[in-house]
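Student: input_17.txt is the file, holding compact mmCIF, C-alpha atoms and all ligand atoms:
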# COMPACT_ATOMS: atom_id res chain seq x y z
CA MET A 757 41.78 16.04 27.75
CA ALA A 758 40.76 18.09 24.72
CA GLU A 759 37.10 18.96 24.25
CA PRO A 760 35.44 17.18 21.30
CA ALA A 761 35.59 19.37 18.21
CA VAL A 762 31.86 19.11 17.60
CA SER A 763 29.09 18.79 20.13
CA VAL A 764 27.29 15.46 20.28
CA ARG A 765 24.79 15.43 17.41
CA LYS A 766 21.10 15.17 18.07
CA PRO A 767 19.97 11.55 17.96
CA TYR A 768 17.18 12.57 15.62
CA ARG A 769 17.50 14.95 12.77
CA LEU A 770 15.00 14.19 10.02
CA VAL A 771 12.06 14.54 12.40
CA SER A 772 13.52 17.51 14.28
CA ARG A 773 12.16 21.00 13.86
CA ASP A 774 15.77 22.31 13.95
CA PHE A 775 16.23 21.18 10.36
CA HIS A 776 12.65 21.64 9.16
CA PRO A 777 11.07 24.67 10.82
CA ASP A 778 7.69 24.44 9.08
CA ASN A 779 4.99 21.97 10.10
CA SER A 780 4.90 18.83 7.97
CA VAL A 781 1.60 17.86 6.47
CA VAL A 782 0.78 14.18 6.13
CA ARG A 783 -1.92 13.10 3.72
CA VAL A 784 -4.11 10.08 4.27
CA GLY A 785 -6.16 9.91 1.09
CA ASN A 786 -7.67 13.37 0.82
CA THR A 787 -7.44 14.01 4.58
CA VAL A 788 -4.58 16.24 5.70
CA PHE A 789 -2.88 16.11 9.11
CA GLY A 790 -0.79 19.04 10.31
CA SER A 791 -2.94 21.75 8.75
CA ASN A 792 -5.48 23.97 10.46
CA ARG A 793 -7.92 21.10 10.62
CA VAL A 794 -8.21 18.78 13.61
CA VAL A 795 -8.71 15.27 12.20
CA VAL A 796 -10.70 12.66 14.10
CA MET A 797 -10.17 8.93 13.57
CA ALA A 798 -12.57 6.58 15.33
CA GLY A 799 -13.90 3.04 15.32
CA PRO A 800 -13.72 -0.19 17.26
CA CYS A 801 -10.59 -1.47 18.96
CA ALA A 802 -10.88 -4.69 16.96
CA VAL A 803 -12.64 -5.68 13.78
CA GLU A 804 -15.09 -8.34 14.99
CA SER A 805 -17.58 -8.89 12.19
CA ARG A 806 -18.72 -7.51 8.86
CA ASP A 807 -21.88 -6.06 10.44
CA GLN A 808 -19.87 -4.30 13.12
CA VAL A 809 -17.49 -2.70 10.61
CA MET A 810 -20.31 -1.60 8.28
CA SER A 811 -22.15 -0.07 11.21
CA ALA A 812 -18.94 1.76 12.16
CA GLY A 813 -18.32 2.97 8.59
CA GLU A 814 -21.89 4.24 8.30
CA CYS A 815 -21.61 6.09 11.64
CA MET A 816 -18.26 7.73 10.78
CA ALA A 817 -19.51 8.94 7.40
CA ARG A 818 -22.70 10.32 8.99
CA ILE A 819 -21.00 12.25 11.82
CA GLY A 820 -18.04 13.55 9.80
CA VAL A 821 -15.20 11.29 10.98
CA PRO A 822 -12.98 10.88 7.89
CA ILE A 823 -10.86 7.95 9.08
CA LEU A 824 -12.13 4.62 10.40
CA ARG A 825 -9.96 2.66 12.81
CA GLY A 826 -10.23 -1.03 13.62
CA GLY A 827 -7.60 -3.62 14.48
CA ALA A 828 -7.39 -6.74 12.35
CA TYR A 829 -4.18 -7.87 14.07
CA LYS A 830 -4.40 -7.37 17.81
CA PRO A 831 -1.36 -7.34 20.12
CA ARG A 832 -3.15 -8.64 23.22
CA THR A 833 -1.52 -8.78 26.64
CA SER A 834 -3.04 -12.22 27.27
CA PRO A 835 -2.53 -15.01 24.71
CA TYR A 836 -6.10 -16.16 25.46
CA SER A 837 -7.69 -12.84 24.42
CA PHE A 838 -9.20 -12.34 20.95
CA GLN A 839 -6.30 -11.99 18.51
CA GLY A 840 -8.14 -10.41 15.57
CA LEU A 841 -9.53 -11.58 12.23
CA GLY A 842 -6.36 -10.94 10.20
CA VAL A 843 -6.74 -10.52 6.44
CA GLU A 844 -10.49 -11.19 6.63
CA GLY A 845 -10.74 -8.15 8.90
CA LEU A 846 -8.70 -6.03 6.48
CA LYS A 847 -11.10 -6.95 3.68
CA MET A 848 -14.05 -5.82 5.81
CA LEU A 849 -12.35 -2.47 6.44
CA ALA A 850 -11.69 -2.09 2.71
CA GLU A 851 -15.37 -2.80 2.01
CA ALA A 852 -16.38 -0.09 4.51
CA ARG A 853 -14.03 2.33 2.75
CA GLN A 854 -15.65 1.50 -0.57
CA ARG A 855 -19.20 1.85 0.75
CA PHE A 856 -18.85 4.88 3.01
CA GLY A 857 -15.91 6.85 1.61
CA VAL A 858 -13.88 6.73 4.83
CA HIS A 859 -10.14 6.07 4.98
CA ILE A 860 -8.71 3.19 7.00
CA VAL A 861 -6.05 3.03 9.72
CA THR A 862 -5.16 -0.35 11.19
CA GLU A 863 -2.26 -1.89 13.07
CA ALA A 864 0.61 -4.01 11.78
CA VAL A 865 2.27 -6.18 14.41
CA ASP A 866 5.04 -7.86 12.43
CA HIS A 867 6.51 -8.08 8.94
CA ASP A 868 3.81 -10.36 7.55
CA SER A 869 0.92 -8.27 8.80
CA LEU A 870 2.71 -5.12 7.62
CA GLU A 871 2.70 -6.44 4.07
CA GLN A 872 -1.05 -7.06 4.29
CA VAL A 873 -1.88 -3.80 6.06
CA ALA A 874 0.15 -1.78 3.54
CA GLN A 875 -1.86 -3.42 0.77
CA TRP A 876 -5.36 -2.92 2.23
CA ALA A 877 -5.22 0.17 4.47
CA ASP A 878 -4.58 3.89 3.95
CA MET A 879 -2.37 4.26 7.02
CA VAL A 880 -0.30 1.76 9.00
CA GLN A 881 -0.53 1.91 12.79
CA ILE A 882 2.48 0.87 14.85
CA GLY A 883 1.30 0.17 18.37
CA ALA A 884 2.76 1.13 21.72
CA ARG A 885 4.16 -2.38 22.24
CA ASN A 886 6.09 -2.21 18.98
CA MET A 887 7.42 1.34 19.20
CA GLN A 888 10.93 0.05 19.70
CA ASN A 889 10.67 -2.94 17.37
CA PHE A 890 13.46 -1.50 15.28
CA GLU A 891 13.32 -4.10 12.50
CA LEU A 892 9.59 -3.41 12.10
CA LEU A 893 10.28 0.36 12.08
CA LYS A 894 12.84 -0.14 9.31
CA ALA A 895 10.30 -2.12 7.30
CA VAL A 896 7.65 0.58 7.82
CA GLY A 897 10.18 3.01 6.40
CA GLN A 898 9.93 1.13 3.16
CA VAL A 899 6.17 0.97 2.73
CA GLY A 900 4.51 3.63 0.66
CA LYS A 901 1.77 4.38 3.21
CA PRO A 902 1.69 6.95 6.02
CA VAL A 903 2.34 5.64 9.51
CA LEU A 904 0.65 6.37 12.82
CA LEU A 905 3.42 5.83 15.38
CA LYS A 906 2.13 5.37 18.89
CA ARG A 907 4.26 6.23 21.89
CA GLY A 908 5.42 3.22 23.89
CA PHE A 909 3.90 3.24 27.35
CA ALA A 910 7.34 3.37 28.95
CA ALA A 911 9.02 5.52 26.31
CA THR A 912 10.44 8.98 26.84
CA ILE A 913 9.72 11.65 24.25
CA ASP A 914 13.29 11.35 22.93
CA GLU A 915 12.92 7.57 22.53
CA TRP A 916 9.63 8.13 20.68
CA LEU A 917 11.24 10.68 18.35
CA MET A 918 14.13 8.29 17.71
CA ALA A 919 11.60 5.62 16.76
CA ALA A 920 10.11 8.11 14.29
CA GLU A 921 13.63 8.84 13.05
CA TYR A 922 14.03 5.12 12.20
CA VAL A 923 10.98 5.28 9.95
CA ALA A 924 12.09 8.53 8.32
CA ALA A 925 15.70 7.38 7.91
CA HIS A 926 14.48 4.28 6.10
CA GLY A 927 12.56 6.30 3.55
CA ASN A 928 9.11 7.16 4.90
CA PRO A 929 8.65 10.81 5.92
CA ASN A 930 4.86 10.48 6.33
CA ILE A 931 4.70 9.97 10.08
CA ILE A 932 2.01 11.02 12.53
CA LEU A 933 2.94 10.76 16.21
CA CYS A 934 0.31 9.50 18.65
CA GLU A 935 0.39 10.09 22.42
CA ARG A 936 -1.69 7.33 24.04
CA GLY A 937 -0.80 7.53 27.72
CA ILE A 938 2.22 6.31 29.64
CA ARG A 939 2.58 4.06 32.65
CA THR A 940 2.95 5.95 35.92
CA TYR A 941 2.30 5.13 39.59
CA GLU A 942 -1.35 6.03 39.09
CA THR A 943 -3.60 3.00 38.78
CA LYS A 944 -7.07 4.55 38.60
CA THR A 945 -6.61 5.26 34.91
CA ARG A 946 -5.31 2.59 32.49
CA ASN A 947 -2.42 4.93 31.63
CA THR A 948 -1.65 8.57 32.35
CA LEU A 949 -2.30 10.82 29.38
CA ASP A 950 0.82 12.92 28.96
CA ILE A 951 -0.91 16.01 27.67
CA SER A 952 2.35 17.94 27.93
CA ALA A 953 3.73 15.71 25.19
CA VAL A 954 1.55 17.65 22.73
CA PRO A 955 3.20 21.08 23.03
CA VAL A 956 6.62 19.56 23.79
CA VAL A 957 6.68 17.31 20.73
CA LYS A 958 5.23 20.03 18.53
CA GLN A 959 8.15 22.24 19.56
CA LEU A 960 10.78 19.52 19.05
CA SER A 961 9.39 18.08 15.83
CA HIS A 962 7.62 19.26 12.69
CA LEU A 963 5.50 16.10 12.54
CA PRO A 964 1.74 16.12 13.25
CA VAL A 965 0.83 14.99 16.77
CA VAL A 966 -2.45 13.25 17.62
CA VAL A 967 -3.84 11.92 20.88
CA ASP A 968 -5.52 8.64 21.76
CA PRO A 969 -7.60 9.40 24.86
CA SER A 970 -9.13 5.89 24.90
CA HIS A 971 -6.06 3.84 25.80
CA ALA A 972 -4.98 6.58 28.21
CA ALA A 973 -8.27 6.61 30.11
CA GLY A 974 -9.34 2.96 30.00
CA GLN A 975 -12.90 4.07 30.88
CA TRP A 976 -15.32 5.61 28.41
CA GLN A 977 -16.51 8.31 30.84
CA TRP A 978 -13.04 9.90 30.86
CA VAL A 979 -12.49 9.79 27.10
CA ALA A 980 -14.43 12.94 26.19
CA PRO A 981 -12.74 15.22 28.76
CA LEU A 982 -9.29 13.99 27.66
CA ALA A 983 -10.21 14.42 23.99
CA ARG A 984 -11.34 17.98 24.63
CA ALA A 985 -8.13 18.71 26.55
CA ALA A 986 -6.03 17.31 23.68
CA VAL A 987 -7.66 19.57 21.11
CA ALA A 988 -7.34 22.57 23.44
CA ALA A 989 -3.63 21.71 23.90
CA GLY A 990 -3.04 21.85 20.15
CA ALA A 991 -3.25 18.24 18.99
CA ASP A 992 -3.61 17.82 15.22
CA GLY A 993 -6.08 15.01 15.66
CA LEU A 994 -7.51 12.25 17.80
CA ILE A 995 -7.96 8.50 17.56
CA ILE A 996 -10.92 7.30 19.59
CA GLU A 997 -12.38 3.85 20.23
CA ALA A 998 -16.10 3.47 19.63
CA HIS A 999 -18.27 0.37 19.27
CA PRO A 1000 -21.90 -0.30 18.29
CA ASN A 1001 -22.36 -2.21 21.55
CA PRO A 1002 -19.43 -1.68 23.96
CA ALA A 1003 -20.78 -4.22 26.48
CA GLU A 1004 -20.32 -6.96 23.87
CA ALA A 1005 -16.93 -5.80 22.53
CA LEU A 1006 -14.22 -8.46 22.20
CA SER A 1007 -11.56 -5.95 23.20
CA ASP A 1008 -11.44 -2.63 25.05
CA GLY A 1009 -15.21 -2.42 25.59
CA PRO A 1010 -14.93 -0.45 28.87
CA GLN A 1011 -13.15 2.43 27.12
CA SER A 1012 -15.30 2.43 23.98
CA LEU A 1013 -17.83 5.16 23.23
CA THR A 1014 -21.22 4.42 21.70
CA TRP A 1015 -22.12 6.09 18.39
CA THR A 1016 -24.26 8.58 20.33
CA HIS A 1017 -21.42 9.50 22.70
CA LEU A 1018 -19.06 9.92 19.77
CA GLU A 1019 -21.52 12.16 17.95
CA ASP A 1020 -21.93 14.34 21.07
CA LEU A 1021 -18.16 14.54 21.45
CA MET A 1022 -17.75 15.62 17.82
CA ARG A 1023 -20.06 18.55 18.52
CA ASP A 1024 -17.94 19.64 21.53
CA LEU A 1025 -14.70 19.20 19.57
CA GLY A 1026 -16.08 21.38 16.80
CA ARG A 1027 -16.77 24.14 19.31
CA ILE A 1028 -13.31 23.88 20.91
CA SER A 1029 -11.59 23.79 17.51
CA ARG A 1030 -13.40 26.95 16.39
CA ALA A 1031 -12.57 28.68 19.69
CA ILE A 1032 -8.84 28.19 19.04
CA GLY A 1033 -9.08 29.18 15.39
CA ARG A 1034 -9.07 25.67 13.89
CA ASP A 1035 -11.61 23.59 12.00
CA LEU A 1036 -12.80 20.07 12.68
C1 LIG A 1101 -5.08 -0.01 19.79
O1 LIG A 1101 -5.05 1.05 19.15
O2 LIG A 1101 -6.09 -0.74 19.87
C2 LIG A 1101 -3.90 -0.36 20.59
C3 LIG A 1101 -3.58 -1.63 20.84
O3 LIG A 1101 -3.23 0.72 21.04
P1 LIG A 1101 -1.82 0.83 21.83
O4 LIG A 1101 -0.79 0.24 20.92
O5 LIG A 1101 -1.67 2.31 22.02
O6 LIG A 1101 -1.99 0.08 23.11
MN MN A 1102 -7.73 -0.91 21.86
Produce C-alpha cells that represent the structure in this file.
Ligand code: PEP
Ligand code: MN
Tutor:
Amino acid sequence: MAEPAVSVRKPYRLVSRDFHPDNSVVRVGNTVFGSNRVVVMAGPCAVESRDQVMSAGECMARIGVPILRGGAYKPRTSPYSFQGLGVEGLKMLAEARQRFGVHIVTEAVDHDSLEQVAQWADMVQIGARNMQNFELLKAVGQVGKPVLLKRGFAATIDEWLMAAEYVAAHGNPNIILCERGIRTYETKTRNTLDISAVPVVKQLSHLPVVVDPSHAAGQWQWVAPLARAAVAAGADGLIIEAHPNPAEALSDGPQSLTWTHLEDLMRDLGRISRAIGRDL
C-alpha cells in the first residue's frame, strides 16, 4: 500500500509553537501573562459573602496580587455541597474590583454562567471537569474575554492542548493554560502536581502556562512548596486559594492559605523570581 502523501497533521496548530515560535502574551486588564513577570492570582475557592470578598480584595491589593479569584458557580463533586452564589457572587467580585483595583477571574460551568461571567469578570475560568466540554469550549471561543483553561485531572498534555485549540479555533486566542494536578495512584495528595507539564507545554505551545498548587496539594501546608517549585520550573503565574478563615470555608478550606501565609509566600516567590531573572 502506498504511503500517505503527507504525514498526519498535528491535532493542534493554532496553539502550537511550531507555527508561532514567540511566546504569546495574554492581557487581563493591565496585567500581562507570558512576559518576564510571574503573575499571582489568589482568593477564596468560592465567593461566600460580601464581607469575605471585600476582605480578599483588600488583602490582594495590599500584598501585590493583581488578580482576585473566587468561584460564583461551583462545580461540586457532591450535589449537597455549596453550589455558589451565582450572579450575586459575580456582583460582589465586581465591587471588589471597583474598590481595590484588582482584576477578577471566575469560573463558568455552562452556557448560561458563561454569559454572566463574560459580562462581569476580566477572565473566564474553565475548570478541570469541563476541559473536554467541547460545546462550552466553542462558546468560550466566542467571548471577548481571556480564558484560564485548567487541565482535566485525567487529561494528557495533548488532550489539554486540543482543548485549547478548540477555544482558539473558535476565535479566542487569549488562552492561559493552568496545570492543577492530575489523578495518579497516589492518594496522600488530592492530585499529583505534574510539574513537568510546565517545561513540556512551554516547549510545545506559545501560550502562557500557570500552576494551581492548591487543587494539586489538597492541604495548605504543601501549597507553598509546590508554588515555589512551579515558579522555579518556569511557570508564568500561579492561582492560589486563600481564605480569611479557612476553618469556616464552604469549599476547599483544608487547602486554603490564610492572608498571612499568602503574604509570606509572596515574599518567597519574589526571591525565587529574581533569582531566575524574572519579576513578581
Ligand atoms: C477551582 O478553581 O476552585 C476549581 C474547581 O478548580 P479545578 O477545576 O481545577 O478543580
Ligand atoms: Mn477550589
Student: With a distance cut-off of 9 Å and all atoms listed in the file, select the neighbouring residues of stretch 941-955 of chain A, excluding the residue or stretch itself and same-chain residues fewer than 2 positions from it, and output the selection as a ChimeraX atom specification.
Tutor: /A:909,913,935-939,957-960,965-969,971-975,978,982,985-986,989-991
Student: Residues near stretch 1009-1022 of chain A, anyone? I mean within 8 Å using all atoms listed in the file, not counting same-chain ones fewer than 4 positions away, as a list in words.
Tutor: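 Listed by chain and then number, they are Pro800, Cys801, Cys815, Ile819, Ser970, His971, Ala973, Gly974, Gln975, Trp976, Gln977, Val979, Ala980, Ile996, Glu997, Ala998, His999, Pro1000, Asn1001, Pro1002, Ala1003, Glu1004, Ala1005 and Gly1026 of chain A.
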Student: Can you tell me which residues surround A:Tyr829 at a distance of at most 8 Å, considering only C-alpha atoms, apart from same-chain residues fewer than 6 positions away, and format the answer as a PyMOL selection string?
Tutor: chain A and resi 802+839-842+863-865+869
Student: What separation in Å, quoted to one decimal, exists between atom CA of A:Arg783 and atom CA of A:Leu770?
Tutor: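 Distance reported for this atom pair: 18.1 Å.
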Student: Provide the atom CA of A:Val794 to atom CA of A:Asp807 distance in Å, to one decimal place.
Tutor: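 Between atom CA of A:Val794 and atom CA of A:Asp807 the gap works out to 28.5 Å.
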Student: Quote the spacing between atom CA of A:Ile882 and atom CA of A:Trp916 in Å to one decimal place.
Tutor: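 Answer for the atom CA of A:Ile882 to atom CA of A:Trp916 separation: 11.7 Å.
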Student: Identify which of the residues A:Gly993, A:Gly857, A:Pro902, A:Gly883 lies closest to ligand LIG 1101 (chain A), counting only C-alpha atoms and all ligand atoms when measuring atom-to-atom distances.
Tutor: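 Among A:Gly993, A:Gly857, A:Pro902, A:Gly883, it is A:Gly883 that comes nearest to ligand LIG 1101 (chain A).
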Student: So, counting all atoms listed in the file, which residue among A:Val782, A:Leu1006, A:Val795, A:Met816 is closest to A:His962?
Tutor: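 Closest residue, counting all atoms listed in the file: A:Val782.
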Student: Which one of A:Gln888, A:Asn792, A:Asn930, A:Thr833 sits closest to ligand MN 1102 (chain A) if you count all atoms listed in the file?
Tutor: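 With all atoms listed in the file as the atom set, the closest residue is A:Thr833.
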Student: Could you please give me, as an NGL selection string, the residues of protein, DNA or RNA lying at most 12 Å from (13.8, -1.4, 15.2) in the coordinate frame of the file, considering only C-alpha atoms?
Tutor: :A and (866-867 or 882 or 885-897 or 915-916 or 918-923 or 925-926)
Student: Nearest residue to ligand LIG 1101 (chain A) out of A:Gly1033, A:Pro767, A:Pro831, A:Gly813, using all atoms listed in the file?
Tutor: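 Among A:Gly1033, A:Pro767, A:Pro831, A:Gly813, it is A:Pro831 that comes nearest to ligand LIG 1101 (chain A).
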Student: Can you report as AutoDock Vina command-line options the centre and edge lengths in Å, to one decimal, of an axis-aligned box around the listed atoms of ligand LIG 1101 (chain A) padded with 6 Å on each side?
Tutor:
--center_x -3.4 --center_y 0.3 --center_z 21.1 --size_x 17.3 --size_y 15.9 --size_z 16.0
Student: So, counting only C-alpha atoms and all ligand atoms, which residue among A:Pro777, A:Gly827, A:Gly785, A:Gly790 is closest to ligand MN 1102 (chain A)?
Tutor: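 Nearest candidate to ligand MN 1102 (chain A) out of A:Pro777, A:Gly827, A:Gly785, A:Gly790: A:Gly827.
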Student: Have a look at A:Ala817, A:Val873, A:Leu846, A:Ile931 and name the one nearest to A:Leu963; count all atoms listed in the file.
Tutor: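 Between A:Ala817, A:Val873, A:Leu846, A:Ile931, the residue approaching A:Leu963 most closely is A:Ile931.
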